file input.csv (CSV, C-alpha atoms)
chain,number,residue,atom,x,y,z
R,12,MET,CA,-0.7,-10.3,12.0
R,13,PHE,CA,2.9,-9.8,13.0
R,14,VAL,CA,1.8,-9.9,16.7
R,15,TYR,CA,-0.4,-13.0,16.0
R,16,GLY,CA,2.6,-14.6,14.4
R,17,THR,CA,4.9,-13.7,17.3
R,18,VAL,CA,2.4,-15.2,19.8
R,19,PHE,CA,2.2,-18.3,17.7
R,20,GLY,CA,6.0,-18.7,17.3
R,21,GLY,CA,6.5,-18.1,21.0
R,22,LEU,CA,3.9,-20.5,22.3
R,23,ALA,CA,4.9,-23.2,19.8
R,24,VAL,CA,8.5,-23.1,21.0
R,25,GLN,CA,7.2,-23.1,24.6
R,26,ALA,CA,5.1,-26.2,23.9
R,27,GLY,CA,8.3,-28.0,22.8
R,28,LEU,CA,8.4,-27.7,19.0
R,29,HIS,CA,11.8,-26.8,17.4
R,30,ALA,CA,12.1,-23.3,15.8
R,31,VAL,CA,12.8,-24.9,12.4
R,32,GLU,CA,9.6,-27.0,12.7
R,33,VAL,CA,7.6,-23.9,13.7
R,34,LEU,CA,8.9,-21.9,10.7
R,35,ALA,CA,8.5,-24.7,8.2
R,36,MET,CA,4.9,-25.1,9.3
R,37,SER,CA,4.2,-21.4,9.1
R,38,VAL,CA,5.6,-21.2,5.5
R,39,LEU,CA,4.2,-24.5,4.2
R,40,VAL,CA,0.8,-24.6,5.9
R,41,PHE,CA,0.3,-20.9,6.4
R,42,ALA,CA,-3.0,-21.2,8.2
R,43,GLY,CA,-2.9,-19.6,11.6
R,44,ALA,CA,-5.9,-21.2,13.3
R,45,ALA,CA,-5.0,-24.7,12.1
R,46,GLN,CA,-1.4,-24.2,13.3
R,47,PHE,CA,-2.6,-23.2,16.7
R,48,VAL,CA,-4.8,-26.3,16.8
R,49,ALA,CA,-1.9,-28.6,15.6
R,50,VAL,CA,0.8,-27.4,18.1
R,51,PRO,CA,-0.7,-28.7,21.4
R,52,MET,CA,-1.6,-32.0,19.6
R,53,ILE,CA,2.0,-32.4,18.3
R,54,ALA,CA,3.4,-31.4,21.7
R,55,GLY,CA,1.1,-34.1,23.2
R,56,ASP,CA,2.4,-36.8,20.9
R,57,ALA,CA,-0.9,-37.1,19.0
R,58,SER,CA,-0.6,-39.4,15.9
R,59,PRO,CA,0.3,-37.6,12.7
R,60,LEU,CA,-2.9,-38.9,11.1
R,61,SER,CA,-5.1,-37.3,13.7
R,62,VAL,CA,-3.2,-34.0,13.5
R,63,ILE,CA,-3.5,-34.0,9.6
R,64,LEU,CA,-7.2,-34.9,9.7
R,65,THR,CA,-8.0,-32.2,12.2
R,66,THR,CA,-6.0,-29.7,10.1
R,67,TYR,CA,-8.1,-30.6,7.1
R,68,VAL,CA,-11.4,-30.2,8.9
R,69,VAL,CA,-10.3,-26.8,10.5
R,70,ASN,CA,-9.3,-25.6,7.0
R,71,MET,CA,-12.4,-26.8,5.1
R,72,ARG,CA,-13.6,-23.2,5.3
R,73,HIS,CA,-11.1,-22.4,2.6
R,74,TYR,CA,-13.4,-24.0,0.1
R,75,LEU,CA,-15.9,-21.3,0.8
R,76,MET,CA,-13.3,-18.5,0.4
R,77,ALA,CA,-11.8,-20.0,-2.8
R,78,ALA,CA,-15.2,-20.3,-4.4
R,79,THR,CA,-16.0,-16.7,-3.6
R,80,LEU,CA,-12.6,-15.4,-4.8
R,81,ALA,CA,-12.4,-17.6,-8.0
R,82,PRO,CA,-14.5,-15.4,-10.4
R,83,SER,CA,-12.4,-12.3,-9.5
R,84,ILE,CA,-9.0,-13.7,-10.2
R,85,GLY,CA,-9.8,-15.7,-13.4
R,86,ALA,CA,-7.5,-13.4,-15.4
R,87,PHE,CA,-4.3,-15.2,-14.1
R,88,SER,CA,-2.7,-18.2,-15.7
R,89,ARG,CA,-3.3,-21.5,-14.1
R,90,TRP,CA,0.2,-22.0,-12.7
R,91,ARG,CA,-0.1,-18.5,-11.1
R,92,LEU,CA,-3.5,-19.4,-9.7
R,93,ALA,CA,-1.9,-22.6,-8.2
R,94,LEU,CA,0.6,-20.4,-6.4
R,95,ILE,CA,-2.0,-17.8,-5.4
R,96,ALA,CA,-4.1,-20.6,-3.9
R,97,HIS,CA,-1.5,-21.0,-1.1
R,98,VAL,CA,-2.1,-17.5,0.3
R,99,VAL,CA,-5.9,-17.8,0.5
R,100,ASN,CA,-6.5,-17.1,4.2
R,101,ASP,CA,-9.0,-15.7,6.6
R,102,GLU,CA,-7.5,-12.2,6.9
R,103,SER,CA,-6.8,-11.4,3.2
R,104,PHE,CA,-10.2,-12.8,2.4
R,105,ALA,CA,-11.8,-10.6,5.0
R,106,VAL,CA,-10.0,-7.5,3.8
R,107,SER,CA,-10.9,-8.1,0.1
R,108,VAL,CA,-14.6,-8.9,0.7
R,109,SER,CA,-15.0,-5.9,3.1
R,110,ARG,CA,-13.7,-3.5,0.4
R,111,SER,CA,-15.7,-4.7,-2.6
R,112,ARG,CA,-18.1,-7.4,-3.7
R,113,PRO,CA,-17.2,-9.3,-5.8
R,114,PRO,CA,-13.7,-9.0,-4.2
R,115,ASP,CA,-11.0,-7.2,-6.2
R,116,ALA,CA,-8.0,-9.3,-7.3
R,117,GLY,CA,-5.5,-6.6,-6.6
R,118,ILE,CA,-6.7,-5.9,-3.1
R,119,PHE,CA,-6.7,-9.6,-2.3
R,120,LEU,CA,-3.2,-10.2,-3.6
R,121,GLY,CA,-1.7,-7.1,-2.0
R,122,SER,CA,-3.2,-7.9,1.4
R,123,ALA,CA,-2.3,-11.6,1.1
R,124,ALA,CA,1.4,-10.8,0.4
R,125,ALA,CA,1.5,-8.3,3.3
R,126,ILE,CA,-0.2,-10.7,5.7
R,127,ALA,CA,2.1,-13.6,4.7
R,128,ALA,CA,5.3,-11.5,5.3
R,129,ALA,CA,4.0,-10.1,8.6
R,130,PHE,CA,2.9,-13.6,9.9
R,131,VAL,CA,6.1,-15.4,9.0
R,132,GLY,CA,8.3,-12.5,10.2
R,133,GLY,CA,6.3,-12.5,13.5
R,134,VAL,CA,6.7,-16.3,13.9
R,135,ALA,CA,10.5,-15.9,13.4
R,136,VAL,CA,10.6,-13.3,16.2
R,137,GLY,CA,8.3,-15.4,18.4
R,138,THR,CA,10.5,-18.5,18.2
R,139,LEU,CA,13.4,-16.4,19.4
R,140,ILE,CA,11.4,-14.9,22.4
R,141,GLY,CA,9.6,-18.2,23.2
R,142,GLY,CA,12.7,-20.0,24.3
R,143,LEU,CA,13.4,-17.3,26.9
R,144,VAL,CA,10.4,-18.0,29.2
R,145,ALA,CA,11.0,-20.6,31.9
R,146,GLU,CA,8.0,-22.1,33.8
R,147,PRO,CA,5.3,-21.3,31.3
R,148,GLU,CA,2.6,-22.7,33.6
R,149,ARG,CA,3.4,-20.2,36.3
R,150,TYR,CA,2.3,-17.4,33.8
R,151,GLY,CA,-0.7,-19.3,32.6
R,152,LEU,CA,0.8,-19.7,29.2
R,153,ASP,CA,-0.4,-23.4,28.9
R,154,PHE,CA,-3.9,-21.8,28.9
R,155,ALA,CA,-3.1,-19.7,25.8
R,156,PHE,CA,-4.0,-22.4,23.3
R,157,PRO,CA,-7.6,-23.0,24.5
R,158,ALA,CA,-7.9,-19.2,25.1
R,159,VAL,CA,-7.1,-18.5,21.4
R,160,PHE,CA,-9.6,-21.1,20.2
R,161,LEU,CA,-12.4,-19.7,22.5
R,162,ALA,CA,-11.6,-16.2,21.4
R,163,LEU,CA,-11.6,-17.2,17.7
R,164,VAL,CA,-15.1,-18.8,18.1
R,165,ALA,CA,-16.6,-16.0,20.3
R,166,THR,CA,-15.7,-13.3,17.8
R,167,GLN,CA,-17.5,-15.2,15.0
R,168,LEU,CA,-20.8,-16.0,16.9
R,169,ARG,CA,-23.4,-13.8,15.3
R,170,ARG,CA,-26.7,-15.7,15.2
R,171,ARG,CA,-28.7,-18.0,17.5
R,172,GLY,CA,-27.8,-21.0,15.2
R,173,ASP,CA,-24.1,-20.2,15.6
R,174,TRP,CA,-24.4,-20.3,19.4
R,175,LEU,CA,-26.4,-23.6,19.3
R,176,VAL,CA,-23.7,-25.2,17.1
R,177,ALA,CA,-20.8,-24.0,19.2
R,178,VAL,CA,-22.3,-25.0,22.6
R,179,GLY,CA,-23.7,-28.3,21.2
R,180,SER,CA,-20.4,-29.2,19.7
R,181,ALA,CA,-18.6,-28.4,23.0
R,182,LEU,CA,-21.0,-30.7,24.9
R,183,VAL,CA,-20.7,-33.6,22.4
R,184,ALA,CA,-16.9,-33.3,22.3
R,185,LEU,CA,-16.8,-33.3,26.1
R,186,ALA,CA,-19.0,-36.4,26.3
R,187,ILE,CA,-16.7,-38.2,23.8
R,188,ALA,CA,-13.5,-36.9,25.3
R,189,VAL,CA,-14.2,-38.4,28.8
R,190,ARG,CA,-14.9,-41.8,27.2
R,191,LEU,CA,-12.6,-42.1,24.2
R,192,PRO,CA,-8.8,-41.6,24.4
R,193,GLY,CA,-7.0,-39.6,21.8
R,194,ASN,CA,-8.2,-36.6,19.9
R,195,TRP,CA,-11.1,-38.0,17.8
R,196,HIS,CA,-13.7,-36.0,19.7
R,197,ILE,CA,-12.6,-32.9,17.8
R,198,VAL,CA,-13.2,-34.1,14.3
R,199,ILE,CA,-16.3,-36.2,15.3
R,200,ALA,CA,-18.1,-33.4,17.2
R,201,GLY,CA,-16.9,-30.7,14.8
R,202,LEU,CA,-18.2,-32.4,11.6
R,203,THR,CA,-21.4,-33.9,13.0
R,204,VAL,CA,-22.7,-30.9,15.0
R,205,SER,CA,-21.9,-28.4,12.2
R,206,ALA,CA,-23.7,-30.7,9.7
R,207,ALA,CA,-26.7,-30.9,12.0
R,208,GLY,CA,-26.6,-27.1,12.2
R,209,ALA,CA,-26.5,-26.8,8.5
R,210,LEU,CA,-29.4,-29.2,7.9
R,211,ALA,CA,-31.6,-27.8,10.7
R,212,GLY,CA,-30.6,-24.1,10.5
R,213,ASP,CA,-31.9,-21.2,8.5
R,214,PRO,CA,-30.2,-21.2,5.0
R,215,GLU,CA,-30.1,-17.4,5.4
R,216,ASP,CA,-27.4,-17.9,8.0
R,217,ALA,CA,-25.0,-18.9,5.2
R,218,ARG,CA,-25.1,-15.1,4.5
T,19,MET,CA,13.6,-31.7,12.9
T,20,ARG,CA,12.0,-35.0,14.1
T,21,ALA,CA,10.8,-37.4,11.5
T,22,SER,CA,7.2,-37.7,12.8
T,23,VAL,CA,6.9,-33.9,13.0
T,24,VAL,CA,8.2,-33.5,9.4
T,25,LEU,CA,5.6,-36.1,8.3
T,26,THR,CA,2.9,-34.2,10.2
T,27,ILE,CA,3.8,-30.8,8.8
T,28,ALA,CA,4.1,-32.2,5.2
T,29,GLY,CA,0.6,-33.8,5.6
T,30,MET,CA,-0.8,-30.6,7.0
T,31,ALA,CA,0.6,-28.6,4.1
T,32,VAL,CA,-0.9,-31.1,1.5
T,33,VAL,CA,-4.4,-31.2,3.0
T,34,THR,CA,-4.4,-27.5,3.5
T,35,TYR,CA,-3.5,-26.9,-0.1
T,36,LEU,CA,-6.3,-29.2,-1.1
T,37,THR,CA,-8.7,-27.0,0.7
T,38,ARG,CA,-7.5,-23.9,-1.2
T,39,ALA,CA,-6.5,-24.8,-4.7
T,40,PRO,CA,-9.3,-26.9,-6.3
T,41,LEU,CA,-12.1,-24.4,-6.3
T,42,LEU,CA,-9.8,-21.5,-7.2
T,43,LEU,CA,-8.5,-23.4,-10.2
T,44,ALA,CA,-12.0,-24.6,-11.2
T,45,LEU,CA,-13.0,-20.8,-11.5
T,46,ALA,CA,-16.5,-21.8,-10.6
T,47,ARG,CA,-19.0,-19.2,-11.7
T,48,ARG,CA,-21.8,-21.0,-9.9
T,49,PRO,CA,-22.0,-20.2,-6.2
T,50,LEU,CA,-21.9,-23.2,-3.9
T,51,PRO,CA,-25.2,-24.6,-2.7
T,52,THR,CA,-26.6,-22.7,0.3
T,53,ARG,CA,-26.6,-25.5,2.8
T,54,LEU,CA,-23.1,-26.5,1.8
T,55,ARG,CA,-21.9,-22.9,2.3
T,56,LEU,CA,-23.7,-22.8,5.7
T,57,TRP,CA,-22.0,-26.1,6.7
T,58,LEU,CA,-18.5,-24.8,5.7
T,59,ARG,CA,-19.1,-21.7,7.7
T,60,LEU,CA,-20.3,-23.6,10.8
T,61,ILE,CA,-17.4,-26.2,10.8
T,62,PRO,CA,-14.9,-23.9,12.5
T,63,LEU,CA,-17.6,-22.7,15.0
T,64,ALA,CA,-18.0,-26.4,15.9
T,65,VAL,CA,-14.4,-27.6,15.7
T,66,LEU,CA,-12.9,-24.9,17.9
T,67,PRO,CA,-15.2,-25.4,20.9
T,68,ALA,CA,-14.9,-29.2,20.5
T,69,LEU,CA,-11.1,-28.7,20.9
T,70,ALA,CA,-11.1,-26.0,23.5
T,71,VAL,CA,-13.8,-27.0,26.0
T,72,PRO,CA,-12.4,-30.5,26.7
T,73,MET,CA,-8.9,-28.9,27.1
T,74,VAL,CA,-10.4,-26.7,29.8
T,75,LEU,CA,-13.0,-29.0,31.5
T,76,ALA,CA,-11.5,-32.5,30.9
T,77,PRO,CA,-7.7,-32.3,30.6
T,78,GLY,CA,-6.4,-35.8,30.1
T,79,GLY,CA,-9.9,-37.2,29.8
T,80,GLN,CA,-10.7,-36.5,33.5
T,81,LEU,CA,-13.6,-34.1,34.1
T,82,VAL,CA,-12.7,-31.1,36.3
T,83,GLN,CA,-14.3,-31.6,39.7
T,84,SER,CA,-13.9,-28.1,41.2
T,85,VAL,CA,-15.4,-24.7,40.3
T,86,ALA,CA,-12.2,-23.2,41.6
T,87,GLU,CA,-10.3,-24.5,38.5
T,88,PRO,CA,-8.4,-21.4,37.2
T,89,ARG,CA,-8.8,-22.5,33.5
T,90,LEU,CA,-12.6,-22.4,33.9
T,91,TRP,CA,-12.5,-18.7,35.0
T,92,GLY,CA,-9.9,-17.9,32.3
T,93,ALA,CA,-12.2,-19.4,29.7
T,94,VAL,CA,-15.3,-17.5,31.0
T,95,ALA,CA,-13.3,-14.2,30.7
T,96,VAL,CA,-12.1,-15.0,27.2
T,97,VAL,CA,-15.6,-15.8,25.9
T,98,VAL,CA,-17.2,-12.7,27.5
T,99,LEU,CA,-14.5,-10.4,26.3
T,100,ALA,CA,-14.1,-11.8,22.7
T,101,GLY,CA,-17.9,-12.1,22.5
T,102,ARG,CA,-18.1,-8.3,23.1
T,103,ARG,CA,-15.7,-7.8,20.2
T,104,VAL,CA,-12.7,-7.0,22.4
T,105,ASN,CA,-9.5,-7.5,20.4
T,106,LEU,CA,-8.5,-11.2,20.1
T,107,LEU,CA,-5.0,-10.8,21.6
T,108,VAL,CA,-6.3,-8.6,24.4
T,109,SER,CA,-9.0,-11.2,25.3
T,110,VAL,CA,-6.5,-14.0,25.3
T,111,THR,CA,-4.0,-12.1,27.4
T,112,ALA,CA,-6.7,-11.3,29.9
T,113,GLY,CA,-7.6,-14.9,30.2
T,114,VAL,CA,-4.0,-16.0,30.6
T,115,ALA,CA,-3.5,-13.4,33.3
T,116,ILE,CA,-6.5,-14.5,35.2
T,117,VAL,CA,-5.3,-18.1,35.1
T,118,ALA,CA,-1.8,-17.0,36.3
T,119,VAL,CA,-3.2,-14.9,39.2
T,120,LEU,CA,-5.7,-17.6,40.3
T,121,ARG,CA,-2.8,-20.2,40.3
T,122,ALA,CA,-0.6,-17.8,42.3
T,123,ILE,CA,-3.2,-17.2,45.0
T,124,GLY,CA,-4.8,-20.7,44.9

call {"tool": "encode", "arguments": {"input": "input.csv", "output": "structure tokens"}}
result
Amino acid sequence: MFVYGTVFGGLAVQAGLHAVEVLAMSVLVFAGAAQFVAVPMIAGDASPLSVILTTYVVNMRHYLMAATLAPSIGAFSRWRLALIAHVVNDESFAVSVSRSRPPDAGIFLGSAAAIAAAFVGGVAVGTLIGGLVAEPERYGLDFAFPAVFLALVATQLRRRGDWLVAVGSALVALAIAVRLPGNWHIVIAGLTVSAAGALAGDPEDAR
Amino acid sequence: MRASVVLTIAGMAVVTYLTRAPLLLALARRPLPTRLRLWLRLIPLAVLPALAVPMVLAPGGQLVQSVAEPRLWGAVAVVVLAGRRVNLLVSVTAGVAIVAVLRAIG
């Protein structure tokens, strides 16, 4: 997570964001995938509304994690839970469900704290390194953002339905992107193709 | 910090919190309906290609016309490597390196 944070911090500064903005985002949003998605949009002067809406859609998967974790951490007071909610993320969720089902509150909180510290520390280091590289295109660094998105998807594709949704969404988004300016193809294709996949797919695929 | 970026980050923080807190605080004992769970799982699998593929194949809304486009081959490498469960950062680095090399020789 430290390295992931460093890469994010470095690329975000490269893309033209200020170090303070990158750090503020990492602490306040604290959602790696959504931050990777937001940076090239912000750098490309996308409207705040389109960035915020895309962030929401990318992060809707948290509903699934929160619902799975909720029964395990009911022992905490409500204001503590409100704080704990902020550190629900892919990695701490993955760690806690891989150790025990239902997930253990202690393992979840411990891994969440370690991941938060490593990620934000990594981002801080990355923002320092990122400013040092001149001519990022020469090193292919402008390709790093789509590369991260493709790698994140490819590691999650397990079933035939997953592949159909991913490829179908890419084609629908491409068809929209060449006709409609702006970034709306992301949210439109993302929501409609995943919904079609959920309606047509095997319910067993929800796992 | 620029005002529009501050607004964007604040909005991102609010909507992200709204994806995390409600169900945690509701302490729902009932699992979510199956099709809803499937949809929530499929959303990132649809959003990420919807974002990445036009960035690679139609930057600026213009379809790439040549199969020699370096980003195309970088993307193929990333998908093949990450699909074979090669470490995420290794897959990304390999894709970036391929793009850099193809640009250097192209």

call {"tool": "interface_residues", "arguments": {"input": "input.csv", "of": "chain T", "to": "chain R", "cutoff": "7 Å", "atoms": "only C-alpha atoms", "output": "ChimeraX atom specification"}}
result
/T:19,22,26-27,29-31,33-35,37-39,41-43,45-47,52-53,55-73,76,79-81,89,93,96-97,100-101,103,106,109-110,113-115,117-118

call {"tool": "atom_distance", "arguments": {"input": "input.csv", "atom1": "atom CA of Gly20 of chain R", "atom2": "atom CA of Leu143 of chain R"}}
result
12.2 Å

call {"tool": "atom_distance", "arguments": {"input": "input.csv", "atom1": "atom CA of Phe130 of chain R", "atom2": "atom CA of Leu22 of chain R"}}
result
14.2 Å

call {"tool": "atom_distance", "arguments": {"input": "input.csv", "atom1": "atom CA of Ala112 of chain T", "atom2": "atom CA of Trp91 of chain T"}}
result
10.7 Å

call {"tool": "closest_residue", "arguments": {"input": "input.csv", "among": "R:Ser103, R:Gln25, R:Ser109, R:Thr138", "to": "Gly121 of chain R", "atoms": "all atoms listed in the file"}}
result
R:Ser103
